[in-house]
Structure formats: C-alpha cells, structure tokens
>>> print(open('coords_35.cif').read())   # mmCIF, C-alpha atoms
data_entry
#
loop_
_atom_site.label_atom_id
_atom_site.label_comp_id
_atom_site.auth_asym_id
_atom_site.auth_seq_id
_atom_site.Cartn_x
_atom_site.Cartn_y
_atom_site.Cartn_z
CA ALA V 28 139.27 134.77 47.66
CA GLU V 29 140.71 136.96 44.94
CA GLY V 30 138.59 136.74 41.80
CA GLY V 31 135.80 134.86 43.59
CA SER V 32 134.60 131.29 43.07
CA SER V 33 133.02 129.85 39.95
CA THR V 34 129.60 130.01 41.61
CA ASP V 35 129.71 133.67 42.76
CA TRP V 36 127.76 134.82 39.70
CA GLY V 37 125.62 131.71 39.36
CA VAL V 38 122.45 130.41 40.92
CA SER V 39 121.94 127.50 43.28
CA TYR V 40 119.04 125.44 44.51
CA PHE V 41 118.92 127.43 47.75
CA SER V 42 119.07 130.85 46.08
CA LEU V 43 116.19 129.85 43.80
CA LEU V 44 114.29 128.41 46.78
CA ASN V 45 114.74 131.76 48.50
CA ARG V 46 113.66 133.94 45.55
CA VAL V 47 110.73 131.82 44.35
CA GLY V 48 109.56 131.25 47.93
CA HIS V 49 109.56 134.97 48.59
CA TYR V 50 107.57 135.59 45.40
CA LEU V 51 104.94 132.95 46.26
CA PHE V 52 104.67 133.20 50.04
CA GLY V 53 106.33 136.47 51.07
CA VAL V 54 109.02 134.81 53.19
CA ARG V 55 112.55 133.61 52.47
CA SER V 56 112.87 130.70 54.90
CA GLY V 57 110.89 128.41 57.19
CA PHE V 58 108.83 126.89 54.38
CA SER V 59 106.47 124.03 55.13
CA ALA V 60 106.79 120.73 53.31
CA ASP V 61 103.92 121.66 50.96
CA GLN V 62 105.42 125.07 50.25
CA THR V 63 108.82 123.53 49.53
CA SER V 64 107.14 121.10 47.13
CA ASP V 65 105.35 123.97 45.35
CA ILE V 66 108.59 125.93 45.05
CA GLY V 67 110.39 122.81 43.78
CA ASP V 68 107.78 122.38 41.03
CA CYS V 69 108.40 125.94 39.84
CA ILE V 70 112.18 125.46 39.86
CA GLU V 71 111.87 122.20 37.92
CA ASP V 72 109.49 123.71 35.35
CA GLY V 73 111.75 126.74 34.90
CA MET V 74 114.90 124.66 34.47
CA LYS V 75 113.19 122.48 31.87
CA ARG V 76 112.14 125.56 29.89
CA VAL V 77 115.70 126.87 29.82
CA TYR V 78 117.31 123.57 28.81
CA ALA V 79 114.69 122.87 26.12
CA ALA V 80 115.05 126.31 24.53
CA HIS V 81 118.36 125.68 22.76
CA ASP V 82 121.11 123.16 22.05
CA TRP V 83 123.43 124.70 24.64
CA SER V 84 127.16 124.43 24.08
CA PHE V 85 127.82 123.83 27.79
CA LEU V 86 125.93 120.54 27.47
CA ARG V 87 128.65 119.36 25.04
CA PRO V 88 131.91 119.32 27.02
CA LEU V 89 135.11 117.62 25.92
CA ALA V 90 136.07 115.11 28.64
CA ASP V 91 139.09 112.86 29.14
CA VAL V 92 138.36 109.19 29.82
CA SER V 93 141.14 106.83 30.91
CA THR V 94 141.13 103.12 30.16
CA THR V 95 142.30 100.45 32.59
CA ALA V 96 145.33 98.21 32.10
CA PRO V 97 144.68 94.44 32.34
CA TYR V 98 145.03 92.99 35.83
CA ALA V 99 147.50 90.09 36.00
CA THR V 100 148.72 89.79 39.60
CA GLY V 101 149.06 86.25 41.00
CA THR V 102 148.01 82.97 39.41
CA ILE V 103 144.65 81.28 38.87
CA THR V 104 143.07 77.85 38.72
CA ILE V 105 139.62 77.14 37.24
CA ALA V 106 137.14 74.45 38.28
CA ALA V 107 133.84 74.21 36.36
CA GLY V 108 134.03 77.86 35.40
CA VAL V 109 134.88 79.12 38.90
CA VAL V 110 138.19 81.00 38.86
CA THR V 111 140.25 81.06 42.07
CA LEU V 112 143.05 83.61 42.44
CA VAL V 113 146.18 83.15 44.57
CA GLY V 114 148.52 86.06 45.27
CA GLY V 115 146.22 88.90 44.21
CA THR V 116 142.80 90.57 44.54
CA PHE V 117 140.33 90.72 41.69
CA PRO V 118 139.45 94.37 40.92
CA SER V 119 135.98 95.68 41.68
CA TRP V 120 135.12 95.78 37.96
CA ALA V 121 135.97 92.10 37.41
CA ALA V 122 132.34 91.10 36.72
CA ALA V 123 132.48 93.17 33.49
CA GLY V 124 135.90 91.87 32.51
CA VAL V 125 137.30 89.45 29.95
CA LEU V 126 139.71 86.74 31.14
CA LYS V 127 142.61 85.57 28.99
CA VAL V 128 144.36 82.37 30.05
CA ASN V 129 146.34 79.89 27.92
CA ASN V 130 145.65 82.15 24.88
CA ARG V 131 141.89 81.68 25.22
CA TYR V 132 139.32 84.33 26.16
CA TYR V 133 136.36 83.98 28.54
CA SER V 134 133.69 86.47 29.59
CA VAL V 135 133.07 86.90 33.31
CA ALA V 136 129.57 86.35 34.71
CA SER V 137 130.07 87.53 38.29
CA ARG V 138 132.58 88.46 41.01
CA GLY V 139 131.99 86.35 44.08
CA SER V 140 134.81 87.67 46.26
CA ASN V 141 138.26 89.24 46.17
CA THR V 142 139.74 85.94 45.05
CA GLN V 143 136.92 84.31 43.08
CA ILE V 144 135.02 85.05 39.87
CA THR V 145 132.69 82.89 37.80
CA LEU V 146 132.85 82.63 34.01
CA ASP V 147 129.87 82.50 31.67
CA THR V 148 131.29 79.21 30.36
CA THR V 149 131.05 76.75 33.26
CA SER V 150 132.75 73.87 31.44
CA VAL V 151 136.23 75.41 31.75
CA THR V 152 138.70 73.64 34.07
CA ILE V 153 142.40 74.45 34.51
CA ALA V 154 143.96 72.57 37.43
CA THR V 155 147.49 73.96 37.12
CA ALA V 156 148.27 77.39 38.54
CA SER V 157 148.44 79.64 35.47
CA SER V 158 149.27 83.22 34.62
CA TYR V 159 146.40 85.26 33.19
CA GLN V 160 145.15 88.70 32.16
CA LEU V 161 141.82 90.25 33.11
CA ALA V 162 140.96 93.15 30.78
CA ARG V 163 138.29 95.81 31.11
CA PRO V 164 136.49 96.53 27.81
CA GLU V 165 133.75 98.71 29.39
CA ILE V 166 134.48 102.09 30.97
CA PRO V 167 131.67 103.50 33.17
CA LEU V 168 130.58 107.02 32.26
CA ALA V 169 129.37 109.79 34.52
CA ALA V 170 125.74 109.80 35.62
CA ALA V 171 125.14 113.01 33.64
CA PHE V 172 126.48 111.48 30.39
CA ASP V 173 123.85 111.03 27.68
CA ALA V 174 125.72 110.39 24.40
CA VAL V 175 128.84 111.05 22.35
CA ALA V 176 128.25 114.19 20.29
CA ASN V 177 127.52 113.34 16.65
CA ASP V 178 129.01 109.84 17.14
CA SER V 179 132.33 111.63 16.80
CA ASP V 180 135.74 109.99 16.77
CA LEU V 181 137.51 109.65 20.11
CA THR V 182 141.01 111.03 19.94
CA TYR V 183 143.99 109.78 21.91
CA TYR V 184 145.58 112.30 24.22
CA PRO V 185 148.77 113.29 22.40
CA SER V 186 152.11 112.01 23.69
CA PRO V 187 155.56 113.26 22.68
CA ASP V 188 156.62 110.01 21.03
CA GLU V 189 153.44 108.22 19.87
CA TRP V 190 150.53 109.13 17.60
CA TYR V 191 147.46 106.91 17.28
CA PRO V 192 144.59 107.26 14.81
CA PRO V 193 141.21 108.06 16.40
CA VAL V 194 138.80 105.48 17.77
CA LYS V 195 135.83 105.15 15.39
CA TRP V 196 132.18 104.66 16.31
CA ARG V 197 130.53 101.36 15.43
CA HIS V 198 127.04 100.13 16.19
CA ASP V 199 126.93 98.14 19.41
CA SER V 200 125.83 95.01 17.56
CA THR V 201 129.04 95.22 15.52
CA ILE V 202 131.11 95.55 18.70
CA ARG V 203 129.38 92.51 20.23
CA GLN V 204 130.03 90.51 17.08
CA LEU V 205 133.71 91.45 17.12
CA GLU V 206 133.97 90.58 20.82
CA GLY V 207 132.46 87.16 20.17
CA ASN V 208 134.28 86.26 16.96
CA ASN V 209 137.71 87.74 17.54
CA PRO V 210 138.40 88.75 21.14
CA GLU V 211 141.78 90.38 21.78
CA PHE V 212 143.62 92.83 24.00
CA ASP V 213 145.20 95.71 22.09
CA ARG V 214 144.89 99.42 21.38
CA PRO V 215 141.18 100.23 20.89
CA VAL V 216 140.11 101.14 17.36
CA PHE V 217 136.28 101.02 17.68
CA TYR V 218 133.80 102.08 20.34
CA SER V 219 130.11 102.07 21.13
CA VAL V 220 127.99 103.44 23.97
CA ARG V 221 125.98 100.79 25.80
CA THR V 222 123.21 101.17 28.38
CA THR V 223 123.99 98.69 31.15
CA THR V 224 121.40 99.35 33.84
CA PHE V 225 118.27 101.36 34.53
CA ASP V 226 117.39 102.45 38.03
CA PRO V 227 114.09 104.35 38.41
CA THR V 228 115.63 106.46 41.19
CA VAL V 229 118.59 107.70 39.13
CA GLY V 230 117.79 106.79 35.50
CA SER V 231 119.97 104.86 33.07
CA ARG V 232 123.69 104.26 33.35
CA LYS V 233 125.92 103.97 30.29
CA VAL V 234 129.38 102.62 29.55
CA LEU V 235 131.92 103.23 26.82
CA VAL V 236 132.65 99.88 25.16
CA LEU V 237 136.03 99.56 23.46
CA TYR V 238 137.28 97.02 20.95
CA PRO V 239 139.84 95.55 21.25
CA ALA V 240 139.83 95.54 25.05
CA PRO V 241 142.58 97.99 26.12
CA ASP V 242 145.97 96.37 26.67
CA GLN V 243 147.26 99.33 28.72
CA VAL V 244 146.20 102.70 30.07
CA TYR V 245 145.14 105.14 27.34
CA THR V 246 143.57 108.58 27.68
CA LEU V 247 140.76 109.28 25.22
CA ARG V 248 139.15 112.65 24.60
CA VAL V 249 135.39 112.21 24.39
CA PRO V 250 133.06 114.94 23.01
CA MET V 251 130.11 114.39 25.31
CA ILE V 252 126.45 115.36 25.41
CA LEU V 253 125.25 115.78 28.98
CA ARG V 254 121.74 115.17 30.25
CA PRO V 255 120.48 118.14 32.29
CA VAL V 256 120.39 117.45 36.02
CA LEU V 257 117.52 119.06 37.91
CA LEU V 258 118.25 120.86 41.16
CA SER V 259 117.81 119.53 44.68
CA GLU V 260 119.44 119.75 48.10
CA THR V 261 122.04 117.33 46.69
CA ASN V 262 122.46 118.78 43.18
CA LEU V 263 122.93 122.41 44.14
CA TYR V 264 124.22 124.02 40.94
CA PRO V 265 122.71 123.83 37.43
CA ILE V 266 124.81 123.14 34.37
CA GLY V 267 125.46 126.47 32.67
CA GLY V 268 124.32 128.40 35.72
CA GLU V 269 127.29 130.76 35.60
CA MET V 270 126.23 132.21 32.24
CA LEU V 271 122.44 131.76 32.56
CA SER V 272 121.88 132.74 36.19
CA GLN V 273 119.41 135.58 35.55
CA CYS V 274 117.69 133.67 32.77
CA ILE V 275 117.18 130.63 35.04
CA LEU V 276 115.83 132.82 37.83
CA GLU V 277 113.31 134.51 35.55
CA ALA V 278 112.26 131.14 34.10
CA CYS V 279 111.53 129.82 37.60
CA LEU V 280 109.62 132.99 38.57
CA ALA V 281 107.70 132.84 35.27
CA SER V 282 106.74 129.26 36.11
CA ALA V 283 105.45 130.50 39.46
CA GLU V 284 103.28 133.00 37.56
CA HIS V 285 101.93 130.23 35.35
CA ASN V 286 101.39 127.68 38.12
CA PHE V 287 99.84 129.86 40.81
CA GLU V 288 98.52 133.01 39.13
CA GLU V 289 97.58 131.38 35.81
CA ARG V 290 98.81 134.36 33.83
CA GLU V 291 101.80 135.65 31.92
CA HIS V 292 103.17 138.74 33.58
CA VAL V 293 106.44 140.60 34.24
CA HIS V 294 108.69 137.56 34.74
CA GLU V 295 107.43 135.78 31.64
CA LYS V 296 108.19 138.84 29.51
CA ARG V 297 111.60 139.21 31.12
CA PHE V 298 112.39 135.52 30.59
CA LEU V 299 111.53 135.73 26.89
CA GLU V 300 113.86 138.70 26.51
CA LEU V 301 116.73 137.00 28.34
CA ILE V 302 116.45 133.59 26.69
CA GLY V 303 116.80 135.13 23.22
CA LEU V 304 119.90 137.05 24.30
CA ALA V 305 121.35 133.96 25.97
CA ILE V 306 120.87 131.83 22.85
CA ARG V 307 122.55 134.45 20.68
CA ASP V 308 125.44 134.72 23.14
CA ASP V 309 125.87 130.94 23.25
CA GLN V 310 125.91 130.75 19.45
CA ASP V 311 128.57 133.47 19.35
CA ARG V 312 130.69 131.64 21.92
CA SER V 313 130.49 128.23 20.24
CA SER V 314 130.65 129.12 16.54
CA PRO V 315 134.06 128.94 14.84
CA THR V 316 135.57 132.19 13.68
CA SER V 317 137.29 130.44 10.77
CA LEU V 318 136.71 127.31 8.73
CA GLY V 319 140.43 127.03 8.04
CA PRO V 320 142.57 127.92 5.04
CA ASP V 321 141.14 127.66 1.54
CA ALA V 322 143.62 124.94 0.50
CA PRO V 323 143.28 122.34 -2.25
CA ARG V 324 142.31 118.87 -1.09
CA VAL V 325 145.59 117.43 -2.32
CA ASN V 326 147.66 119.59 0.05
CA HIS V 327 147.79 117.17 2.97
CA SER V 328 150.34 116.83 5.69
CA GLY V 329 151.87 113.52 6.68
CA PHE V 330 148.84 112.81 8.87
CA GLY V 331 146.28 113.53 6.15
CA MET V 332 145.04 116.92 7.29
CA VAL V 333 145.79 120.56 6.62
CA ASP V 334 144.40 122.57 9.53
CA TYR V 335 144.82 121.05 12.97
CA GLY V 336 142.76 123.84 14.50
CA TYR V 337 139.81 122.80 12.33
CA ARG V 338 140.06 119.25 13.69
CA LEU V 339 139.97 120.53 17.25
CA ARG V 340 136.88 122.64 16.50
CA GLU V 341 135.29 119.67 14.76
CA GLN V 342 135.68 117.55 17.92
CA ARG V 343 134.05 120.29 19.99
CA ILE V 344 131.07 121.32 17.86
CA GLY V 345 130.77 118.69 15.13
CA ARG V 346 131.73 118.56 11.47
CA LEU V 347 130.83 121.54 9.30
CA THR V 348 129.38 120.73 5.89
#
>>> encode(input="coords_35.cif", output="structure tokens")
Amino acid sequence: AEGGSSTDWGVSYFSLLNRVGHYLFGVRSGFSADQTSDIGDCIEDGMKRVYAAHDWSFLRPLADVSTTAPYATGTITIAAGVVTLVGGTFPSWAAAGVLKVNNRYYSVASRGSNTQITLDTTSVTIATASSYQLARPEIPLAAAFDAVANDSDLTYYPSPDEWYPPVKWRHDSTIRQLEGNNPEFDRPVFYSVRTTTFDPTVGSRKVLVLYPAPDQVYTLRVPMILRPVLLSETNLYPIGGEMLSQCILEACLASAEHNFEEREHVHEKRFLELIGLAIRDDQDRSSPTSLGPDAPRVNHSGFGMVDYGYRLREQRIGRLT
C-alpha cells in the first residue's frame, strides 16, 4: 500500500523471535519449546529495560470514553428485591447498574437473566408494573489502562451548542459516599478510578466511576497512563514500537548477552547509545514549544482562561508549574 502500514518500521514478537533466536542458536525458525522459552525470557527482559528507562510519552495517550444512557425499555415489577422486566432486555452491564423506580434508587447485586436482576436490598416489593431507569455509573476501561495522568480533569468533547465544565477527580471513598447519600442521574461532575477485579492470568481490571450517574451519552476525553503489555503470539506489537524499534531490538539482544554469555558486549553498548537518543527524542516530541502568552492573570475570557492551546497541552502532558 502507498506509504506502508504503521508497523512497517516497527518490531513484532515474531521479528524479535527471529533475531534473538538467530543470535542464540544460529537459526531463524524451528525452535524447540525450551529454545522458545529462552528467547521469550530475553524479549521480556529487554522490553522491561526499555519501558523502565523513561516516562515515555506514548504511554500517556488521550482517549475518548463514551458514557451509556440509562436503559428504560418496558416495565418492571419487584418481589423481595427480584426485579422482573416485561417488554425489554436488561443490558449486559446491568449487574453494575443503579435502578431508579418511583423516585427511589437501588443498587443492583446481580443479573440473573435477560429479564431479571436482583437488588442489594431484598425488602423492596412493587407489585404494579412501573416505568424505571437503569443507569450505568461505571465505565469499563481497556485492559492496558493503568491510571488517569496526574489525576487530571476529564473534558467533555466539544459540541457546537453546549459547553460543560470538566469532570473533577475525587477520591473513591468520596464518590462512594456521594452515591450512598445522594444518588442521582445527571451530567457527571466527579470521577474516580476503581479496581473491580483481579485475575492472575490477566492482572487487574479498572473502571471509570462517574457521579452523578450519566443521564445520557457523553463523550469524555481521558488523559491515560497505559501499563506496558509484554509481547506474545497474541500481543504482537509493543507500545511505542514504531519509534523505538531498533532500541527494543538491541535491548533484547543485550539481554541475551547477559542471560547466556554473562557479559556486556556489542549489543549492550549499542542499547545504551540508542536509549539515550530515544529519551532525548521523546522529550523533544512531548515538550511544549510555548507556555502561552505572558498575560496578566486578570485578563480572562468568558470561560476563565486565556490560552486554549495551553489547556490542551496541559491535558496531554500535565500542568506546568
């Protein structure tokens, strides 16, 4: 294709397997299980060295996260905390939802089927078919997500006719207290990041918790910090591999020198040269070229800011002090 793909100049698990395998065993394919394991150790050690060397800007992307509108199709009845739906299908996320019926709010304990959920409060009974809303206060985040950069504000995606102030970070205990004392469905104003599960095979999973629970679909821009994902036959391409391809290769070959020759040789020296250049290049790419106009603090626009470009840079790399 014209211009090539985004991975043409990068590295992949299989290219590293090929190069490190050739260095260790003199062949490029047909590795035994033990040889593949040895090569994998060198790739893992090399990747860890690269990621630990610097606070890389590519691990801090700006991502758009969309909220979910409350589900309200059909009518419900409740018997001893068991909610039965007629005329609709409870969404897959219902177990993490909040139910509003007759102007009262109830947290959901589990989703039993497409038409049945169970509330945490089992004393609730509503015999008459009633309208309702089921809101989603927790938005699942990608497996690679680690944190929100600098606990930054989340900004609403701009629309031509509405402007909303940013969503502010609050400690998760504060969010839980607000959810318990004053539940409501509205435009979110606070957020926290909550760890919901831990699976030893994949690690922890986190969600973005919003208060109030969103009353419609909103798009939020989230400055993220990613956790590095190690390479495998499933995860083929490393984060930042396009700009660090040669550096990653030399790191993996240097790890082979360490692990199997117990010495520092050509690849270690080459890696040290390349990692310094890569860090300098990343700093040049991610540093602002301007801190904005030298304007008095009192010269504010109608939205309380002078330089909109500064605010965009602040979301990407954090506040400058």
>>> closest_residue(input="coords_35.cif", among="V:Ser272, V:Gln160, V:Ser134, V:Asn262", to="Thr148 (chain V)", atoms="all atoms listed in the file")
V:Ser134
>>> resolve_selection(input="coords_35.cif", expression="the PyMOL selection byres ((chain V and resi 195-211) around 10)", output="mmCIF file with C-alpha atoms, keeping the file's coordinate frame")
data_model
loop_
_atom_site.group_PDB
_atom_site.id
_atom_site.type_symbol
_atom_site.label_atom_id
_atom_site.label_comp_id
_atom_site.auth_asym_id
_atom_site.auth_seq_id
_atom_site.Cartn_x
_atom_site.Cartn_y
_atom_site.Cartn_z
ATOM 1 C CA VAL V 125 137.300 89.450 29.950
ATOM 2 C CA LYS V 127 142.610 85.570 28.990
ATOM 3 C CA ASN V 130 145.650 82.150 24.880
ATOM 4 C CA ARG V 131 141.890 81.680 25.220
ATOM 5 C CA TYR V 132 139.320 84.330 26.160
ATOM 6 C CA TYR V 133 136.360 83.980 28.540
ATOM 7 C CA SER V 134 133.690 86.470 29.590
ATOM 8 C CA ALA V 162 140.960 93.150 30.780
ATOM 9 C CA PRO V 164 136.490 96.530 27.810
ATOM 10 C CA VAL V 175 128.840 111.050 22.350
ATOM 11 C CA ASN V 177 127.520 113.340 16.650
ATOM 12 C CA ASP V 178 129.010 109.840 17.140
ATOM 13 C CA SER V 179 132.330 111.630 16.800
ATOM 14 C CA ASP V 180 135.740 109.990 16.770
ATOM 15 C CA LEU V 181 137.510 109.650 20.110
ATOM 16 C CA THR V 182 141.010 111.030 19.940
ATOM 17 C CA PRO V 192 144.590 107.260 14.810
ATOM 18 C CA PRO V 193 141.210 108.060 16.400
ATOM 19 C CA VAL V 194 138.800 105.480 17.770
ATOM 20 C CA PHE V 212 143.620 92.830 24.000
ATOM 21 C CA ASP V 213 145.200 95.710 22.090
ATOM 22 C CA ARG V 214 144.890 99.420 21.380
ATOM 23 C CA PRO V 215 141.180 100.230 20.890
ATOM 24 C CA VAL V 216 140.110 101.140 17.360
ATOM 25 C CA PHE V 217 136.280 101.020 17.680
ATOM 26 C CA TYR V 218 133.800 102.080 20.340
ATOM 27 C CA SER V 219 130.110 102.070 21.130
ATOM 28 C CA VAL V 220 127.990 103.440 23.970
ATOM 29 C CA ARG V 221 125.980 100.790 25.800
ATOM 30 C CA VAL V 236 132.650 99.880 25.160
ATOM 31 C CA LEU V 237 136.030 99.560 23.460
ATOM 32 C CA TYR V 238 137.280 97.020 20.950
ATOM 33 C CA PRO V 239 139.840 95.550 21.250
ATOM 34 C CA ALA V 240 139.830 95.540 25.050
ATOM 35 C CA PRO V 241 142.580 97.990 26.120
ATOM 36 C CA ASP V 242 145.970 96.370 26.670
#
>>> closest_residue(input="coords_35.cif", among="V:Leu44, V:Leu86, V:Leu146, V:Val135", to="Val109 (chain V)", atoms="all atoms listed in the file")
V:Leu146
>>> axis_aligned_box(input="coords_35.cif", around="region 81-91 of chain V", padding_each_side="3 Å", output="lines of an AutoDock Vina configuration file")
center_x = 128.7
center_y = 119.3
center_z = 25.6
size_x = 26.7
size_y = 18.8
size_z = 13.1
>>> atom_distance(input="coords_35.cif", atom1="CA of Val77 (chain V)", atom2="CA of Asp311 (chain V)")
17.9 Å
>>> atom_distance(input="coords_35.cif", atom1="CA of Tyr98 (chain V)", atom2="CA of Arg163 (chain V)")
8.7 Å
>>> residues_around(input="coords_35.cif", residues="region 243-250 of chain V", least_positions_apart="5", cutoff="6 Å", atoms="all atoms listed in the file", output="short mmCIF file (atom, residue, chain, number, x, y, z; two decimals) with C-alpha atoms, keeping the file's coordinate frame")
data_model
loop_
_atom_site.label_atom_id
_atom_site.label_comp_id
_atom_site.auth_asym_id
_atom_site.auth_seq_id
_atom_site.Cartn_x
_atom_site.Cartn_y
_atom_site.Cartn_z
CA LEU V 89 135.11 117.62 25.92
CA ALA V 90 136.07 115.11 28.64
CA ASP V 91 139.09 112.86 29.14
CA VAL V 92 138.36 109.19 29.82
CA SER V 93 141.14 106.83 30.91
CA THR V 94 141.13 103.12 30.16
CA THR V 95 142.30 100.45 32.59
CA ALA V 96 145.33 98.21 32.10
CA VAL V 175 128.84 111.05 22.35
CA ALA V 176 128.25 114.19 20.29
CA LEU V 181 137.51 109.65 20.11
CA THR V 182 141.01 111.03 19.94
CA TYR V 183 143.99 109.78 21.91
CA TYR V 184 145.58 112.30 24.22
#
>>> residues_around(input="coords_35.cif", residues="region 276-279 of chain V", least_positions_apart="4", cutoff="10 Å", atoms="all atoms listed in the file", output="MDAnalysis selection string")
chainID V and resid 37:39 42:44 46:47 66:77 268 271:272 283:285 293:302
>>> atom_distance(input="coords_35.cif", atom1="CA of Ala174 (chain V)", atom2="CA of Phe85 (chain V)")
14.0 Å
>>> residues_around(input="coords_35.cif", residues="Ala156 (chain V)", least_positions_apart="5", cutoff="7 Å", atoms="all atoms listed in the file", output="VMD selection string")
chain V and resid 102 to 104
>>> write_last_selection(input="coords_35.cif", atoms="C-alpha atoms", output="mmCIF file, in the frame of the given file")
data_model
loop_
_atom_site.group_PDB
_atom_site.id
_atom_site.type_symbol
_atom_site.label_atom_id
_atom_site.label_comp_id
_atom_site.auth_asym_id
_atom_site.auth_seq_id
_atom_site.Cartn_x
_atom_site.Cartn_y
_atom_site.Cartn_z
ATOM 1 C CA THR V 102 148.010 82.970 39.410
ATOM 2 C CA ILE V 103 144.650 81.280 38.870
ATOM 3 C CA THR V 104 143.070 77.850 38.720
#
>>> closest_residue(input="coords_35.cif", among="V:Thr116, V:Ala123, V:Gln62, V:Gly108", to="Ile153 (chain V)", atoms="only C-alpha atoms")
V:Gly108
>>> residues_near_point(input="coords_35.cif", point="(127.4, 111.9, 28.7)", cutoff="6 Å", atoms="all atoms listed in the file", output="NGL selection string")
:V and (171-174 or 251-253)
>>> write_last_selection(input="coords_35.cif", atoms="C-alpha atoms", output="short mmCIF file (atom, residue, chain, number, x, y, z; two decimals), in the frame of the given file")
data_model
loop_
_atom_site.label_atom_id
_atom_site.label_comp_id
_atom_site.auth_asym_id
_atom_site.auth_seq_id
_atom_site.Cartn_x
_atom_site.Cartn_y
_atom_site.Cartn_z
CA ALA V 171 125.14 113.01 33.64
CA PHE V 172 126.48 111.48 30.39
CA ASP V 173 123.85 111.03 27.68
CA ALA V 174 125.72 110.39 24.40
CA MET V 251 130.11 114.39 25.31
CA ILE V 252 126.45 115.36 25.41
CA LEU V 253 125.25 115.78 28.98
#
>>> closest_residue(input="coords_35.cif", among="V:Arg87, V:Tyr78, V:Asn286, V:Ala154", to="Val110 (chain V)", atoms="all atoms listed in the file")
V:Ala154
>>> residues_around(input="coords_35.cif", residues="Ala122 (chain V)", least_positions_apart="3", cutoff="8 Å", atoms="only C-alpha atoms", output="PyMOL selection string")
chain V and resi 119+135-138+144
>>> write_last_selection(input="coords_35.cif", atoms="C-alpha atoms", output="short mmCIF file (atom, residue, chain, number, x, y, z; two decimals), keeping the file's coordinate frame")
data_model
loop_
_atom_site.label_atom_id
_atom_site.label_comp_id
_atom_site.auth_asym_id
_atom_site.auth_seq_id
_atom_site.Cartn_x
_atom_site.Cartn_y
_atom_site.Cartn_z
CA SER V 119 135.98 95.68 41.68
CA VAL V 135 133.07 86.90 33.31
CA ALA V 136 129.57 86.35 34.71
CA SER V 137 130.07 87.53 38.29
CA ARG V 138 132.58 88.46 41.01
CA ILE V 144 135.02 85.05 39.87
#
>>> closest_residue(input="coords_35.cif", among="V:His81, V:Arg55, V:Glu269, V:Asp65", to="Gly303 (chain V)", atoms="all atoms listed in the file")
V:His81
>>> residues_near_point(input="coords_35.cif", point="(119.8, 119.8, 37.8)", cutoff="9 Å", atoms="only C-alpha atoms", output="ChimeraX atom specification")
/V:40,71,74,255-259,262-266
>>> closest_residue(input="coords_35.cif", among="V:Pro88, V:Asn129, V:Thr149, V:Pro118", to="Ala106 (chain V)", atoms="only C-alpha atoms")
V:Thr149
>>> build_atoms(input="coords_35.cif", residues="region 254-259 of chain V", atoms="all heavy atoms", output="tab-separated table (two decimals), in the coordinates of the input")
chain	number	residue	atom	x	y	z
V	254	ARG	N	123.17	115.05	29.95
V	254	ARG	CA	121.74	115.17	30.25
V	254	ARG	C	121.58	116.20	31.37
V	254	ARG	O	122.32	116.17	32.36
V	254	ARG	CB	121.14	113.82	30.66
V	254	ARG	CG	121.73	113.22	31.91
V	254	ARG	CD	120.99	111.95	32.30
V	254	ARG	NE	121.22	110.90	31.35
V	254	ARG	CZ	121.43	109.62	31.67
V	254	ARG	NH1	121.48	109.25	32.92
V	254	ARG	NH2	121.61	108.71	30.74
V	255	PRO	N	120.66	117.14	31.24
V	255	PRO	CA	120.48	118.14	32.29
V	255	PRO	C	120.09	117.48	33.61
V	255	PRO	O	119.28	116.56	33.65
V	255	PRO	CB	119.35	119.02	31.75
V	255	PRO	CG	119.37	118.80	30.27
V	255	PRO	CD	119.78	117.38	30.08
V	256	VAL	N	120.70	117.95	34.68
V	256	VAL	CA	120.39	117.45	36.02
V	256	VAL	C	119.57	118.50	36.74
V	256	VAL	O	119.98	119.66	36.87
V	256	VAL	CB	121.69	117.15	36.80
V	256	VAL	CG1	121.37	116.71	38.22
V	256	VAL	CG2	122.50	116.09	36.08
V	257	LEU	N	118.39	118.12	37.21
V	257	LEU	CA	117.52	119.06	37.91
V	257	LEU	C	118.06	119.30	39.32
V	257	LEU	O	118.79	118.49	39.88
V	257	LEU	CB	116.09	118.51	37.96
V	257	LEU	CG	115.43	118.34	36.59
V	257	LEU	CD1	114.02	117.79	36.74
V	257	LEU	CD2	115.40	119.66	35.82
V	258	LEU	N	117.68	120.43	39.90
V	258	LEU	CA	118.25	120.86	41.16
V	258	LEU	C	117.55	120.23	42.36
V	258	LEU	O	116.36	119.94	42.32
V	258	LEU	CB	118.17	122.39	41.27
V	258	LEU	CG	118.90	123.19	40.20
V	258	LEU	CD1	118.87	124.67	40.54
V	258	LEU	CD2	120.33	122.72	40.03
V	259	SER	N	118.33	120.05	43.42
V	259	SER	CA	117.81	119.53	44.68
V	259	SER	C	118.78	119.93	45.78
V	259	SER	O	119.78	120.61	45.54
V	259	SER	CB	117.67	118.00	44.61
V	259	SER	OG	118.96	117.40	44.52
